[in-house]
>>> print(open('structure_36.txt').read())   # compact mmCIF, C-alpha atoms
# COMPACT_ATOMS: atom_id res chain seq x y z
CA MET A 1 -73.50 -115.37 144.71
CA ASP A 2 -70.02 -114.02 144.98
CA ALA A 3 -67.11 -115.73 143.31
CA GLN A 4 -64.73 -114.19 145.80
CA GLU A 5 -64.13 -115.42 149.32
CA GLY A 6 -65.67 -113.35 152.09
CA THR A 7 -66.67 -113.59 155.72
CA GLN A 8 -70.41 -114.14 155.22
CA GLN A 9 -72.32 -117.19 154.11
CA SER A 10 -73.94 -116.96 150.67
CA GLN A 11 -77.46 -115.58 151.03
CA GLN A 12 -78.65 -118.06 148.44
CA LEU A 13 -77.31 -121.04 150.39
CA ILE A 14 -79.01 -119.65 153.50
CA LEU A 15 -82.22 -119.45 151.46
CA ALA A 16 -81.78 -123.02 150.20
CA HIS A 17 -81.41 -124.27 153.77
CA LYS A 18 -84.59 -122.47 154.85
CA VAL A 19 -86.49 -124.01 151.94
CA PHE A 20 -85.13 -127.42 152.94
CA LEU A 21 -86.42 -126.90 156.49
CA LEU A 22 -89.81 -125.78 155.15
CA LYS A 23 -90.13 -129.12 153.36
CA HIS A 24 -88.87 -131.17 156.32
CA ARG A 25 -91.57 -133.08 158.22
CA ASP A 26 -89.76 -132.83 161.56
CA VAL A 27 -89.77 -129.01 161.64
CA PRO A 28 -92.64 -127.70 163.83
CA ASP A 29 -95.44 -125.83 162.05
CA ILE A 30 -94.90 -122.71 164.14
CA GLU A 31 -91.29 -122.62 162.97
CA LYS A 32 -92.39 -123.08 159.38
CA VAL A 33 -94.57 -119.97 159.62
CA ARG A 34 -91.46 -117.89 160.39
CA LEU A 35 -89.39 -119.66 157.74
CA LYS A 36 -92.08 -119.14 155.10
CA ASP A 37 -92.11 -115.39 155.74
CA GLU A 38 -88.32 -115.21 155.58
CA VAL A 39 -88.16 -117.21 152.35
CA LEU A 40 -90.84 -115.08 150.71
CA ASN A 41 -89.10 -111.86 151.75
CA THR A 42 -85.80 -113.05 150.32
CA VAL A 43 -87.41 -114.16 147.07
CA LYS A 44 -89.21 -110.84 146.64
CA SER A 45 -86.22 -108.68 147.57
CA ASN A 46 -84.10 -110.44 144.93
CA ASP A 47 -86.89 -110.62 142.32
CA MET A 48 -86.45 -114.39 142.07
CA THR A 49 -89.28 -115.02 139.62
CA PRO A 50 -88.17 -118.45 138.30
CA TYR A 51 -87.35 -119.72 141.79
CA TYR A 52 -90.65 -118.38 143.15
CA GLU A 53 -92.53 -120.25 140.43
CA ASN A 54 -90.72 -123.46 141.39
CA LEU A 55 -91.55 -122.98 145.06
CA VAL A 56 -95.20 -122.39 144.19
CA ALA A 57 -95.23 -125.55 142.06
CA ASP A 58 -93.74 -127.47 145.01
CA LYS A 59 -96.44 -126.00 147.29
CA VAL A 60 -93.80 -124.37 149.49
CA LEU A 61 -95.19 -120.88 148.84
CA ASP A 62 -98.64 -119.66 147.82
CA LEU A 63 -99.15 -117.98 144.47
CA ASP A 64 -99.44 -114.20 144.59
CA HIS A 65 -100.16 -112.99 141.05
CA SER A 66 -99.40 -109.38 141.89
CA ALA A 67 -95.99 -110.23 143.37
CA LEU A 68 -95.21 -112.51 140.45
CA ASP A 69 -96.08 -109.88 137.85
CA SER A 70 -94.02 -107.25 139.70
CA MET A 71 -90.94 -109.48 139.91
CA ARG A 72 -91.25 -110.53 136.28
CA ALA A 73 -91.44 -106.89 135.13
CA LYS A 74 -88.33 -106.02 137.15
CA ASN A 75 -86.50 -109.01 135.66
CA GLU A 76 -87.34 -107.93 132.12
CA GLU A 77 -86.26 -104.37 132.80
CA GLU A 78 -82.95 -105.39 134.39
CA ILE A 79 -82.10 -107.93 131.66
CA LYS A 80 -82.77 -105.25 129.04
CA LYS A 81 -80.33 -102.92 130.81
CA LEU A 82 -77.71 -105.67 131.04
CA ASP A 83 -78.07 -106.48 127.35
CA GLU A 84 -77.65 -102.78 126.51
CA LYS A 85 -74.46 -102.65 128.59
CA ILE A 86 -73.13 -105.73 126.79
CA ALA A 87 -73.91 -104.19 123.40
CA ASP A 88 -72.25 -100.90 124.38
CA ALA A 89 -69.16 -102.67 125.71
CA GLU A 90 -68.80 -104.78 122.57
CA GLU A 91 -69.16 -101.73 120.34
CA ASN A 92 -67.25 -99.09 122.25
CA LEU A 93 -65.09 -100.61 124.97
CA GLY A 94 -62.33 -103.17 125.48
CA GLU A 95 -62.23 -106.90 126.20
CA SER A 96 -62.16 -106.38 129.97
CA GLU A 97 -65.35 -104.29 129.90
CA VAL A 98 -67.05 -106.85 127.64
CA ARG A 99 -66.18 -109.61 130.07
CA GLU A 100 -67.49 -107.61 133.03
CA ALA A 101 -70.75 -106.89 131.20
CA HIS A 102 -71.32 -110.58 130.46
CA LEU A 103 -70.33 -111.50 134.01
CA ALA A 104 -72.93 -109.08 135.40
CA LYS A 105 -75.65 -110.81 133.39
CA PHE A 106 -74.45 -114.21 134.60
CA LEU A 107 -74.54 -113.08 138.23
CA TYR A 108 -78.00 -111.59 137.77
CA PHE A 109 -79.37 -114.90 136.48
CA ILE A 110 -77.91 -116.55 139.59
CA GLN A 111 -79.52 -113.90 141.79
CA ILE A 112 -83.01 -114.48 140.43
CA GLY A 113 -82.74 -118.29 140.44
CA GLU A 114 -82.71 -118.73 136.67
CA LYS A 115 -80.49 -121.81 136.65
CA GLU A 116 -80.46 -122.82 132.99
CA LYS A 117 -79.93 -119.29 131.68
CA ALA A 118 -77.21 -118.76 134.27
CA LEU A 119 -75.36 -121.84 133.02
CA GLU A 120 -75.76 -120.67 129.40
CA GLN A 121 -74.40 -117.25 130.34
CA LEU A 122 -71.59 -118.94 132.27
CA LYS A 123 -70.31 -120.47 129.02
CA VAL A 124 -70.29 -117.01 127.40
CA SER A 125 -68.43 -115.55 130.38
CA GLU A 126 -65.89 -118.39 130.29
CA ASN A 127 -65.18 -117.71 126.63
CA LYS A 128 -64.54 -114.05 127.46
CA THR A 129 -62.17 -114.92 130.33
CA VAL A 130 -58.45 -115.56 129.91
CA ALA A 131 -56.82 -115.39 133.35
CA VAL A 132 -56.75 -118.69 135.25
CA GLY A 133 -57.74 -117.01 138.52
CA GLN A 134 -60.81 -115.42 136.96
CA LYS A 135 -61.75 -118.73 135.33
CA MET A 136 -61.48 -120.36 138.75
CA ASP A 137 -63.80 -117.75 140.23
CA LEU A 138 -66.38 -118.70 137.61
CA VAL A 139 -65.97 -122.35 138.62
CA PHE A 140 -66.64 -121.43 142.25
CA CYS A 141 -69.82 -119.68 141.09
CA SER A 142 -70.91 -122.82 139.24
CA LEU A 143 -70.15 -124.88 142.36
CA GLN A 144 -72.37 -122.60 144.43
CA ILE A 145 -75.13 -123.01 141.85
CA GLY A 146 -74.66 -126.76 142.16
CA PHE A 147 -74.97 -126.70 145.95
CA PHE A 148 -77.95 -124.34 145.80
CA TYR A 149 -79.85 -126.83 143.63
CA MET A 150 -78.07 -129.94 144.98
CA ASP A 151 -77.08 -130.75 141.41
CA PHE A 152 -74.34 -133.29 141.99
CA ASP A 153 -73.51 -133.70 138.31
CA LEU A 154 -72.84 -129.98 138.02
CA ILE A 155 -70.76 -130.04 141.21
CA SER A 156 -68.70 -133.03 140.10
CA ASN A 157 -68.07 -131.58 136.63
CA SER A 158 -67.11 -128.22 138.14
CA ILE A 159 -64.62 -129.85 140.51
CA ASP A 160 -63.05 -131.70 137.58
CA LYS A 161 -62.89 -128.45 135.62
CA ALA A 162 -61.19 -126.70 138.55
CA LYS A 163 -58.54 -129.41 138.84
CA ILE A 164 -57.75 -129.08 135.14
CA LEU A 165 -57.40 -125.33 135.55
CA PHE A 166 -55.03 -125.80 138.49
CA GLU A 167 -52.75 -127.82 136.25
CA LYS A 168 -52.26 -124.57 134.33
CA GLY A 169 -51.61 -122.50 137.45
CA GLY A 170 -53.69 -121.06 140.24
CA ASP A 171 -52.91 -119.73 143.70
CA TRP A 172 -52.87 -121.75 146.92
CA LYS A 173 -55.85 -119.87 148.40
CA ARG A 174 -58.15 -121.01 145.62
CA LYS A 175 -56.73 -124.55 145.82
CA ASN A 176 -57.49 -124.65 149.54
CA ARG A 177 -61.00 -123.34 148.95
CA LEU A 178 -61.59 -126.09 146.40
CA LYS A 179 -60.70 -128.73 149.02
CA VAL A 180 -63.61 -127.58 151.17
CA TYR A 181 -66.01 -127.57 148.21
CA GLU A 182 -64.89 -131.06 147.23
CA GLY A 183 -65.10 -132.19 150.85
CA LEU A 184 -68.69 -130.96 151.06
CA TYR A 185 -69.49 -132.78 147.82
CA CYS A 186 -67.93 -136.00 149.15
CA MET A 187 -69.80 -135.74 152.43
CA SER A 188 -73.08 -135.08 150.61
CA THR A 189 -72.54 -138.18 148.47
CA ARG A 190 -71.53 -140.40 151.43
CA ASN A 191 -67.80 -140.54 150.74
CA PHE A 192 -67.06 -139.65 154.36
CA LYS A 193 -63.45 -140.81 154.40
CA LYS A 194 -62.40 -138.55 151.53
CA ALA A 195 -64.47 -135.71 152.98
CA ALA A 196 -62.70 -136.06 156.33
CA ASN A 197 -59.26 -135.96 154.71
CA LEU A 198 -60.12 -132.89 152.65
CA PHE A 199 -61.64 -131.08 155.63
CA LEU A 200 -58.68 -131.90 157.87
CA ASP A 201 -56.30 -130.56 155.22
CA SER A 202 -58.24 -127.28 155.29
CA ILE A 203 -58.58 -126.62 159.01
CA SER A 204 -55.76 -124.07 159.26
CA THR A 205 -56.48 -122.42 155.91
CA PHE A 206 -60.29 -122.27 155.93
CA THR A 207 -61.70 -119.25 154.09
CA THR A 208 -64.83 -120.67 152.45
CA TYR A 209 -67.29 -118.74 154.60
CA GLU A 210 -69.59 -118.45 151.59
CA LEU A 211 -70.45 -122.14 152.10
CA PHE A 212 -70.87 -122.17 155.87
CA PRO A 213 -69.47 -120.65 159.07
CA TYR A 214 -66.30 -122.05 160.62
CA ASP A 215 -68.28 -123.70 163.44
CA THR A 216 -70.26 -125.68 160.87
CA PHE A 217 -67.04 -126.63 159.11
CA ILE A 218 -65.66 -128.02 162.38
CA PHE A 219 -68.95 -129.87 162.95
CA TYR A 220 -68.61 -131.58 159.57
CA THR A 221 -64.90 -132.26 160.11
CA VAL A 222 -65.47 -134.00 163.44
CA LEU A 223 -68.48 -136.00 162.23
CA THR A 224 -66.73 -137.29 159.12
CA SER A 225 -63.48 -137.99 160.98
CA ILE A 226 -65.10 -140.05 163.74
CA ILE A 227 -66.37 -142.67 161.30
CA SER A 228 -63.33 -142.52 159.00
CA LEU A 229 -60.12 -142.35 161.05
CA ASP A 230 -58.43 -144.98 163.15
CA ARG A 231 -57.98 -144.33 166.86
CA VAL A 232 -54.40 -143.03 166.61
CA SER A 233 -55.18 -140.68 163.71
CA LEU A 234 -58.31 -139.41 165.43
CA LYS A 235 -56.26 -138.51 168.50
CA GLN A 236 -53.56 -136.71 166.51
CA LYS A 237 -55.70 -134.93 163.95
CA VAL A 238 -58.95 -134.24 165.78
CA VAL A 239 -59.01 -134.82 169.54
CA ASP A 240 -55.81 -132.81 170.13
CA ALA A 241 -56.11 -130.39 167.18
CA PRO A 242 -55.86 -126.77 168.49
CA GLU A 243 -58.15 -125.42 165.76
CA ILE A 244 -60.86 -127.89 166.73
CA LEU A 245 -60.38 -127.41 170.47
CA THR A 246 -61.01 -123.66 170.17
CA VAL A 247 -64.41 -124.18 168.53
CA ILE A 248 -65.83 -127.57 169.48
CA GLY A 249 -67.23 -126.38 172.82
CA LYS A 250 -69.55 -123.97 171.00
CA ILE A 251 -71.31 -126.82 169.19
CA PRO A 252 -73.86 -128.67 171.35
CA HIS A 253 -72.95 -132.28 172.19
CA LEU A 254 -70.00 -132.44 169.78
CA SER A 255 -67.18 -132.32 172.33
CA GLU A 256 -68.85 -135.00 174.45
CA PHE A 257 -69.45 -137.09 171.34
CA LEU A 258 -65.81 -136.98 170.26
CA ASN A 259 -64.15 -137.35 173.63
CA SER A 260 -66.44 -140.05 174.99
CA LEU A 261 -65.79 -142.09 171.84
CA TYR A 262 -62.04 -141.74 172.24
CA ASN A 263 -62.21 -142.42 175.99
CA CYS A 264 -64.64 -145.32 175.46
CA GLN A 265 -67.29 -143.91 177.80
CA TYR A 266 -70.34 -145.86 176.62
CA LYS A 267 -73.15 -143.96 178.34
CA SER A 268 -71.72 -140.49 177.63
CA PHE A 269 -71.12 -141.37 173.98
CA PHE A 270 -74.65 -142.52 173.25
CA LEU A 271 -76.20 -139.64 175.19
CA ALA A 272 -74.16 -137.18 173.11
CA PHE A 273 -74.96 -139.13 169.94
CA ALA A 274 -78.68 -138.84 170.72
CA GLY A 275 -78.22 -135.10 171.20
CA LEU A 276 -76.67 -134.78 167.74
CA THR A 277 -79.42 -136.64 165.91
CA GLU A 278 -81.58 -133.57 165.31
CA GLN A 279 -78.64 -131.57 163.94
CA ILE A 280 -77.86 -134.36 161.50
CA LYS A 281 -81.49 -134.94 160.47
CA LEU A 282 -82.03 -131.22 159.88
CA ASP A 283 -78.79 -130.72 157.95
CA ARG A 284 -79.31 -130.20 154.24
CA TYR A 285 -76.18 -132.13 153.29
CA LEU A 286 -76.34 -134.94 155.88
CA HIS A 287 -80.03 -135.76 156.28
CA LEU A 288 -80.11 -138.40 153.53
CA HIS A 289 -77.34 -140.28 155.31
CA PHE A 290 -78.86 -140.12 158.79
CA ARG A 291 -79.45 -143.86 159.27
CA PHE A 292 -76.12 -144.74 157.70
CA TYR A 293 -74.29 -142.32 159.98
CA MET A 294 -76.06 -143.57 163.12
CA ARG A 295 -74.99 -147.12 162.28
CA GLU A 296 -71.41 -146.16 161.42
CA GLY A 297 -71.12 -143.99 164.52
CA ALA A 298 -72.02 -146.92 166.76
CA ILE A 299 -69.60 -149.20 164.91
CA SER A 300 -66.85 -146.59 165.33
CA PHE A 301 -67.39 -146.57 169.09
CA TYR A 302 -67.01 -150.34 169.41
CA ARG A 303 -64.01 -150.30 167.06
CA SER A 304 -62.36 -147.61 169.17
CA ARG A 305 -63.05 -149.55 172.38
CA GLU A 306 -61.46 -152.68 170.94
CA ALA A 307 -58.42 -150.68 169.81
CA SER A 308 -58.07 -149.12 173.26
CA LEU A 309 -57.89 -152.56 174.88
CA GLN A 310 -54.89 -153.31 172.69
CA ASP A 311 -53.05 -150.08 173.59
>>> encode(input="structure_36.txt", output="structure tokens")
Amino acid sequence: MDAQEGTQQSQQLILAHKVFLLKHRDVPDIEKVRLKDEVLNTVKSNDMTPYYENLVADKVLDLDHSALDSMRAKNEEEIKKLDEKIADAEENLGESEVREAHLAKFLYFIQIGEKEKALEQLKVSENKTVAVGQKMDLVFCSLQIGFFYMDFDLISNSIDKAKILFEKGGDWKRKNRLKVYEGLYCMSTRNFKKAANLFLDSISTFTTYELFPYDTFIFYTVLTSIISLDRVSLKQKVVDAPEILTVIGKIPHLSEFLNSLYNCQYKSFFLAFAGLTEQIKLDRYLHLHFRFYMREGAISFYRSREASLQD
């Protein structure tokens, strides 16, 4: 996981989504064969011994003793090297080099899926870090750990920590990134109204590609807005938003879903809604709220129709 913003989604979050699909009963078996191979290849290429053991325990992957022993040996060798670099930095180099050495060990624990040791090493790295921006980058790493494991306590605590840090300073880019992280947390915990507001505030400044592509961000923004905003706000902030208009056509059924709701086209709305059901059911962050969203989506349509009659 990379603390810095980039243009590619985190490979670990991609892996987490594939594992989610492997466990999902609605994913066809033939698709699971491909997913299983991809998950195993990712785990092996990153020497993710602890994560592999968890997947074996969950019966997602089969136990391969040879692969396990090989990954474990590589882990031990790499951790030994990292510890030697830390010792050398502490004895011979400056504070910056010591921080970088501890950070490297922290990032390695993230890479191999060693959650508890990563969080322990995070505390060490935090104590070696002075600059607010660098502290914020560590918080973004902890947030990504939280989303990888869907650990909502860790996510919530990390968001609170970030807000405290921003009281001491921090640049607008990191503040805007935090809005998307918090929005994803709110959406995942069924606080759709707050999620919609945070997403809408981030449309023109979106840079959190490590979480998901921009198309996915727009998908979440539209879905949360439809069941959260009144008719006038939906028109101003979503239906007519240039940033949304440039992307929404690329996402199956979403444009029809939004516009038929606003235009009160009953048949078109529910046809589009039916088309979106699989995307929602197979979304790692939304699937637990599938029934709730289906109910609220229907209510939103009737609410919008009533409001249109009063226009």
>>> residues_around(input="structure_36.txt", residues="A:Ile226", least_positions_apart="6", cutoff="9 Å", atoms="only C-alpha atoms", output="number ranges by chain")
A: 196, 234, 238, 258, 261, 297, 300-301
>>> atom_distance(input="structure_36.txt", atom1="atom CA of A:Ile203", atom2="atom CA of A:Thr7")
15.7 Å
>>> closest_residue(input="structure_36.txt", among="A:Ile164, A:Ala241, A:Leu82, A:Leu40", to="A:Asp201", atoms="all atoms listed in the file")
A:Ala241
>>> atom_distance(input="structure_36.txt", atom1="atom CA of A:Lys193", atom2="atom CA of A:Leu309")
24.3 Å
>>> atom_distance(input="structure_36.txt", atom1="atom CA of A:Tyr220", atom2="atom CA of A:Ser304")
19.7 Å
>>> closest_residue(input="structure_36.txt", among="A:Lys235, A:Arg295, A:Lys74, A:His102", to="A:Ser45", atoms="all atoms listed in the file")
A:Lys74
>>> residues_near_point(input="structure_36.txt", point="(-63.4, -129.3, 149.9)", cutoff="12 Å", atoms="only C-alpha atoms", output="ChimeraX atom specification")
/A:140,143,155-156,159,162,174-188,192,194-203,205-208,211-212,217,220-221
>>> residues_around(input="structure_36.txt", residues="A:Tyr149", least_positions_apart="4", cutoff="12 Å", atoms="only C-alpha atoms", output="ChimeraX atom specification")
/A:12-13,15-17,19-20,51,54,110,113-116,142-145,153-155,284-285
>>> residues_near_point(input="structure_36.txt", point="(-68.0, -106.7, 131.7)", cutoff="12 Å", atoms="only C-alpha atoms", output="MDAnalysis selection string")
chainID A and resid 82:90 93:107 124:126 128:129
>>> closest_residue(input="structure_36.txt", among="A:Lys123, A:Leu288, A:Leu245, A:Gln111", to="A:Ser10", atoms="only C-alpha atoms")
A:Gln111
>>> residues_around(input="structure_36.txt", residues="stretch 131-133 of chain A", least_positions_apart="6", cutoff="9 Å", atoms="only C-alpha atoms", output="PyMOL selection string")
chain A and resi 165-166+168-171+174
>>> write_last_selection(input="structure_36.txt", atoms="C-alpha atoms", output="mmCIF file, keeping the file's coordinate frame")
data_model
loop_
_atom_site.group_PDB
_atom_site.id
_atom_site.type_symbol
_atom_site.label_atom_id
_atom_site.label_comp_id
_atom_site.auth_asym_id
_atom_site.auth_seq_id
_atom_site.Cartn_x
_atom_site.Cartn_y
_atom_site.Cartn_z
ATOM 1 C CA LEU A 165 -57.400 -125.330 135.550
ATOM 2 C CA PHE A 166 -55.030 -125.800 138.490
ATOM 3 C CA LYS A 168 -52.260 -124.570 134.330
ATOM 4 C CA GLY A 169 -51.610 -122.500 137.450
ATOM 5 C CA GLY A 170 -53.690 -121.060 140.240
ATOM 6 C CA ASP A 171 -52.910 -119.730 143.700
ATOM 7 C CA ARG A 174 -58.150 -121.010 145.620
#
